[in-house]
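Visitor: Right, I'll just put the structure down here and ask away after.
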Amino acid sequence: MNINKYLFFSLVFELLANTVKAQNLGDAFLRQHLEKKVYSLDVDADAVILNEKTKTKIEDNMIVGFEQITHVYECIKVLKPTAIQMHIADISTGYVYSRNCGVNNIIATTYNIEEGVIKKASLASNAVFKKTNGDYCETVFTMPDVRVGSIIEYSYEIKTPVMYYPRSWIIQGPYPKLQSEYEIVSPRNFNYTNISQISLGNEPFQDYNSKKETENDSVTSYHVLVKMTDGWSSVLWGKRNIPSVNEEPFICNIINHRDRLDLQIAGMNFGAFSYNQVILSTWEKLNDAVWNNSNFGAKIKEPNKFLNKLVDSLTTGDTSALGKTRSIYNYVRKNISCNNNLGAFSTEDIRKILENKRGNVADINLLLSAMLDKAGINVSPVILSTLGNLRINPSYPLLNRFNYAVCMVTIDSARYFFDASDKFNPFGILPIYCYNGYARIIDKHGDELFMSPDDLKERNVCVVNVNGIGDSLYKINVAEKHGMYSSMSLRKQWNGDSAALHNYVKKQTETFTGNVSVTDMSAINLENADTNLIIKYTLTIATGRADIIYLNSDLSKFYNENPFKATNRKLPIEFPSKIEDVYVMTARLPENMEAEDIPKPSIVKYDDDNIIFKHLVNYDSSSRVISVNTNFSVSKTNFDVKEYSTIRDFFETMITNENSMLVLKKIKDK
């Protein structure tokens with residue numbers, strides 16, 4: 001079995017628009033919802049899913065064997081322009097991908113009401129487009145005449161080989177849903193394992209004997225199992241009145257918080273003939289399959305003799321394992337470019353990757369692993385799920401959830417992680433998006449990893465010196481030392497942009513009052529990905545002649561405004577890493593000035609010191625120096641939603657302190 005293609009198709013299949021055949025909606029239903037402008041389920045919703053159903057049926061094709069035929073249906077009410085403009089892929093355009101499989105029976109209709117008359121616009125055949133990307137076909141259809149108030153309805157079916165994962169039931173999304181159903185019809189000798197991520201009200205599914213029974217009941221979660229007389233069975237899950245789950249500040253991965261149900265075939269038993277042995281039902285089986293796969297572990301285990309000369313040339317003179325690792329990593333990072341495709345599996349032969357100097361993420365990091373192995377380094381590839389992709393469930397192996405591969409080196413029991421797919425990735429530091437929970441080390445034995453944001457700490461330091469305070473102007477020298485993740489991010493953003501530094505400094509100083517001019521801008525270590533980026537600049541601020549100068553105590557702020565604006569919140573608070581932000585300012589006053597008013601010291605702590613803010617201001621009259629030391633630290637990355645109100649107030653207090661003013665007064669007799 002080609003696991004690489006198996007995985008890739010599964011991932012693409014996940015991208016299908018959340019949409020069984022088009023239904024006869026009826027005049028009463030249409031009129032009711034066309035005239036409705038707001039729904040009590042969510043009075044602020046941009047759109048509401050009126051009904052959706054996904055039905056997968058296993059069919060025995062005498063030519064190709066068992067197939068999965070998935071029917072997808074969706075009916076949506078558009079309430080606001082943003083539902084069209086911001087979520088066009090979910091509303092006005094459906095995307096369907098297939099690999100050598102048919103996308104059939106696309107039916108799409110838009111309904112509007114004009115002067116009390118219901119108007120119907122059907123999808124035209126020339127509004128369906130197909131294009132090929134390698135082995136993959138993309139079908140795009142554009143809904144006609146979509147506007148605020150429209151009801152759009154579409155359905156299609158797609159065929160896939162039965163060995164692929166059935167389509168997931170995505171229960172929650174960006175819009176509330178009045179009803180959502182998921183059904184699978186299969187021979188009873190097909191056994192499925194379901195892996196659920198369902199927390200919605202913690203309400204269990206109520207069992208019924210038929211779908212009709214559920215229609216006369218107000219239960220919001222139902223489950224129907226029907227065993228047919230011909231050896232087939234139907235399993236249906238349904239939910240009603242499903243709230244939306246949308247992005248909120250400080251959520252690392254929204255998909256991890258949306259309810260869903262995933263199925264995987266656990267076995268197909270036909271008496272003496274069984275397919276159970278090919279199902280990756282344990283982590284040990286998954287490890288062995290991936291380690292021995294030609295598009296993964298086998299690439300490292302191959303002789304790869306053509307690498308010998310290159311590896312020897314790179315490591316000559318290096319006596320330490322860490323030194324050899326650095327030399328090989330630097331070569332791959334610098335010379336092999338990424339085609340911007342994620343992937344847990346390689347798509348090319350290692351020799352071709354090296355010759356073409358290009359590949360996807362897995363191509364590059366498996367090449368790195370093979371070269372390190374040639375150098376005698378203890379290396380193992382790691383597969384993981386990135387932020388933006390669903391995290392891995394440790395209780396059961398679902399291969400299609402992995403979308404990224406990196407490598408791990410072990411030297412004297414210390415572990416180092418590498419991703420050479422981006423020239424801005426530092427030595428021994430993975431991008432922050434790799435920290436999305438459970439991951440797997442793939443080697444002869446295999447093992448688990450947990451990639452937690454709590455493993456990371458980001459430290460940013462800003463040092464400010466205020467000098468030359470005169471009658472009408474003063475100067476500020478600023479030096480920012482960015483943490484490794486901030487440095488990585490800025491290098492990627494600025495790559496090839498000659499105006500990037502100027503624009504950055506301009507944004508940093510846009511809150512300053514007075515006539516501000518900027519000189520002596522510089523970015524130190526901009527081309528050195530393995531160390532901190534340092535940004536320096538000098539500001540001259542003309543204040544005009546005044547006897548009193550008001551100077552903000554924190555000229556560079558951790559937050560210009562409270563990121564937690566909403567009164568209420570649905571989701572926990574997730575910081576991307578542990579944080580230590582430091583701000584230090586010194587201001588030397590001239591002989592003819594004194595500090596008339598300085599802010600009082602403030603220390604705010606929360607949750608056993610897991611969040612701390614310190615704002616300490618001091619004036620030494622003998623040296624005429626004002627010093628400000630501000631520190632914000634977060635020592636754990638996840639806080640329960642019940643703590644939201646307190647954390648919101650904490651940030652409000654912090655921002656108030658950061659905006660406090662130093663009052664400098666001119667001494668008149670001097």
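Order determines the names: the first chain of the structure tokens is A, the second B, and so forth; residues in each chain are numbered 1 upward, and ligands are numbered 1 upward as they are shown.
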Find the residues near A:Asn241: any atom within 8 Å, counting only C-alpha atoms, skip ones fewer than 5 places away on the same chain, and give them as a ChimeraX atom specification.
Guide: /A:41,176-179,220
Visitor: Hey, can you spit out that residue selection with N, CA, C and O atoms as a CSV table (one decimal), in the first residue's frame?
Guide:
chain,number,residue,atom,x,y,z
A,41,LEU,N,-30.5,31.1,18.0
A,41,LEU,CA,-29.3,30.2,18.3
A,41,LEU,C,-28.1,31.1,18.3
A,41,LEU,O,-27.2,30.8,19.1
A,176,PRO,N,-23.3,28.8,13.1
A,176,PRO,CA,-24.2,27.9,13.9
A,176,PRO,C,-25.0,27.0,12.9
A,176,PRO,O,-25.2,27.3,11.8
A,177,LYS,N,-25.5,25.8,13.4
A,177,LYS,CA,-26.2,24.8,12.6
A,177,LYS,C,-27.5,24.4,13.3
A,177,LYS,O,-27.5,24.1,14.5
A,178,LEU,N,-28.6,24.5,12.5
A,178,LEU,CA,-29.8,24.0,13.1
A,178,LEU,C,-29.9,22.5,13.1
A,178,LEU,O,-30.4,21.9,14.1
A,179,GLN,N,-29.3,21.8,12.2
A,179,GLN,CA,-29.2,20.4,12.1
A,179,GLN,C,-28.0,19.9,11.3
A,179,GLN,O,-27.8,20.4,10.3
A,220,THR,N,-31.4,16.8,21.3
A,220,THR,CA,-30.5,17.5,20.4
A,220,THR,C,-29.4,16.6,19.9
A,220,THR,O,-28.6,17.0,19.0
Visitor: Run DSSP on the backbone and give me the residues of stretch 153-258 of chain A it puts in strand (DSSP E), as a ChimeraX atom specification.
Guide: /A:153-161,169-170,177-187,190-197,206-208,221-227,232-242
Visitor: Could you pull the residues within 7 Å of stretch 101-110 of chain A, counting only C-alpha atoms, minus those fewer than 4 positions along the same chain, as a list of chain:residue names?
Guide: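 What passes the distance filter is A:Ala22, A:Lys120, A:Ala121, A:Ser122, A:Leu123, A:Met143, A:Pro144, A:Asp145, A:Val146, A:Ser150, A:Ile151, A:Ile152, A:Glu153, A:Tyr154, A:Ser155, A:Tyr156, A:Glu157, A:Ile158, A:Lys159, A:Thr160.
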Visitor: Can you pull out the residues contacting A:Thr282? Cut-off 12 Å, using only C-alpha atoms, and skip same-chain residues under 5 positions away; I want them as a list in words.
Guide: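 So, after excluding close chain neighbours, the residues are Thr193, Ala266, Asn276, Gln277, Asn287, Asp288, Ala289, Pro394, Ser395, Tyr396, Pro397, Leu398, Leu399 and Gly446 of chain A.
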Visitor: Next, the residues of the selection above should be written as a compact mmCIF listing (two decimals), in the first residue's frame with N, CA, C and O atoms.
Guide:
# COMPACT_ATOMS: atom_id res chain seq x y z
N THR A 193 -13.66 1.97 13.82
CA THR A 193 -13.33 2.61 15.09
C THR A 193 -13.66 4.08 14.96
O THR A 193 -13.30 4.73 13.98
N ALA A 266 -11.44 -0.53 11.11
CA ALA A 266 -10.63 -1.33 12.02
C ALA A 266 -10.44 -2.73 11.49
O ALA A 266 -9.58 -3.47 11.98
N ASN A 276 -7.90 -7.44 8.22
CA ASN A 276 -7.52 -6.82 9.46
C ASN A 276 -6.03 -6.52 9.55
O ASN A 276 -5.62 -5.57 10.19
N GLN A 277 -5.21 -7.34 8.91
CA GLN A 277 -3.79 -7.19 9.08
C GLN A 277 -3.23 -5.90 8.47
O GLN A 277 -2.15 -5.48 8.82
N ASN A 287 4.03 2.70 13.31
CA ASN A 287 5.48 2.95 13.26
C ASN A 287 6.16 2.02 12.26
O ASN A 287 6.96 2.46 11.43
N ASP A 288 5.83 0.72 12.32
CA ASP A 288 6.47 -0.24 11.42
C ASP A 288 6.14 0.06 9.96
O ASP A 288 7.00 -0.02 9.07
N ALA A 289 4.87 0.42 9.71
CA ALA A 289 4.45 0.70 8.33
C ALA A 289 5.16 1.93 7.77
O ALA A 289 5.62 1.94 6.63
N PRO A 394 -3.87 10.74 20.99
CA PRO A 394 -2.92 9.70 21.43
C PRO A 394 -3.55 8.33 21.60
O PRO A 394 -2.84 7.32 21.60
N SER A 395 -4.88 8.27 21.72
CA SER A 395 -5.53 6.99 22.03
C SER A 395 -5.65 6.07 20.83
O SER A 395 -5.85 4.87 20.99
N TYR A 396 -5.52 6.63 19.60
CA TYR A 396 -5.69 5.79 18.42
C TYR A 396 -4.96 6.41 17.24
O TYR A 396 -5.05 7.61 17.01
N PRO A 397 -4.23 5.59 16.46
CA PRO A 397 -3.45 6.14 15.35
C PRO A 397 -4.30 6.45 14.12
O PRO A 397 -4.90 5.55 13.54
N LEU A 398 -4.36 7.70 13.76
CA LEU A 398 -4.99 8.13 12.51
C LEU A 398 -3.91 8.78 11.66
O LEU A 398 -3.49 9.91 11.90
N LEU A 399 -3.46 8.07 10.67
CA LEU A 399 -2.32 8.52 9.87
C LEU A 399 -2.61 9.81 9.13
O LEU A 399 -1.72 10.63 8.90
N GLY A 446 10.35 3.11 17.52
CA GLY A 446 9.25 4.06 17.60
C GLY A 446 9.00 4.52 19.02
O GLY A 446 9.27 3.80 19.98
Visitor: List every residue of stretch 329-416 of chain A that DSSP, applied to the backbone of this structure, assigns to helix (DSSP H, G or I), and report them as a VMD selection string.
Guide: chain A and resid 329 to 335 350 to 356 361 to 374 399 to 401
Visitor: As a VMD selection string, please: the residues near stretch 641-646 of chain A (cut-off 9 Å, only C-alpha atoms, same-chain neighbours under 2 positions excluded).
Guide: chain A and resid 564 567 to 573 606 639 648 to 651
Visitor: With only C-alpha atoms as the basis for distance, which of A:Ala405, A:Ile476, A:Val461, A:Val43 is at the shortest distance from A:Asn629?
Guide: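 Closest residue, counting only C-alpha atoms: A:Val461.
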Visitor: So, counting only C-alpha atoms, which residue among A:Pro381, A:Asp230, A:Phe66, A:Ile667 is closest to A:Asn592?
Guide: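 So, comparing all the options, the nearest one is A:Ile667.
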Visitor: By how many Å are atom CA of A:Ile524 and atom CA of A:Lys506 apart?
Guide: 17.7 Å
Visitor: So the first atom is atom CA of A:Met62 and the second is atom CA of A:Tyr192; what is the distance between them in Å, to one decimal place?
Guide: 22.9 Å
Visitor: Could you tell me how far atom CA of A:Asp60 sits from atom CA of A:Trp237, in Å to one decimal place?
Guide: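 One can read the atom CA of A:Trp237 to atom CA of A:Asp60 distance as 23.8 Å.
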Visitor: Counting only C-alpha atoms, what is within 9 Å of A:Val516, bar same-chain residues fewer than 4 positions away, as a ChimeraX atom specification?
Guide: /A:509,512,539-542
Visitor: So which one's closest to A:Glu181, A:Val128, A:Ala83, A:Leu50, A:Gln32? Using only C-alpha atoms, please.
Guide: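 Counting only C-alpha atoms, the residue closest to A:Glu181 is A:Leu50.
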Visitor: Within 10 Å of stretch 312-318 of chain A, counting only C-alpha atoms, which residues show up once you throw out same-chain ones fewer than 6 positions away? Write them as a VMD selection string, please.
Guide: chain A and resid 324 to 331 371 374 to 375
Visitor: Calculated over only C-alpha atoms, which of the candidates A:Asn51, A:Asn560, A:Asn393, A:Ser244 has the smallest distance to A:Phe29?
Guide: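 Counting only C-alpha atoms, the residue closest to A:Phe29 is A:Asn51.
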Visitor: When you count only C-alpha atoms, which of these residues is closest to A:Lys239: A:Pro187, A:Gly323, A:Pro204, A:Gly376?
Guide: A:Pro204
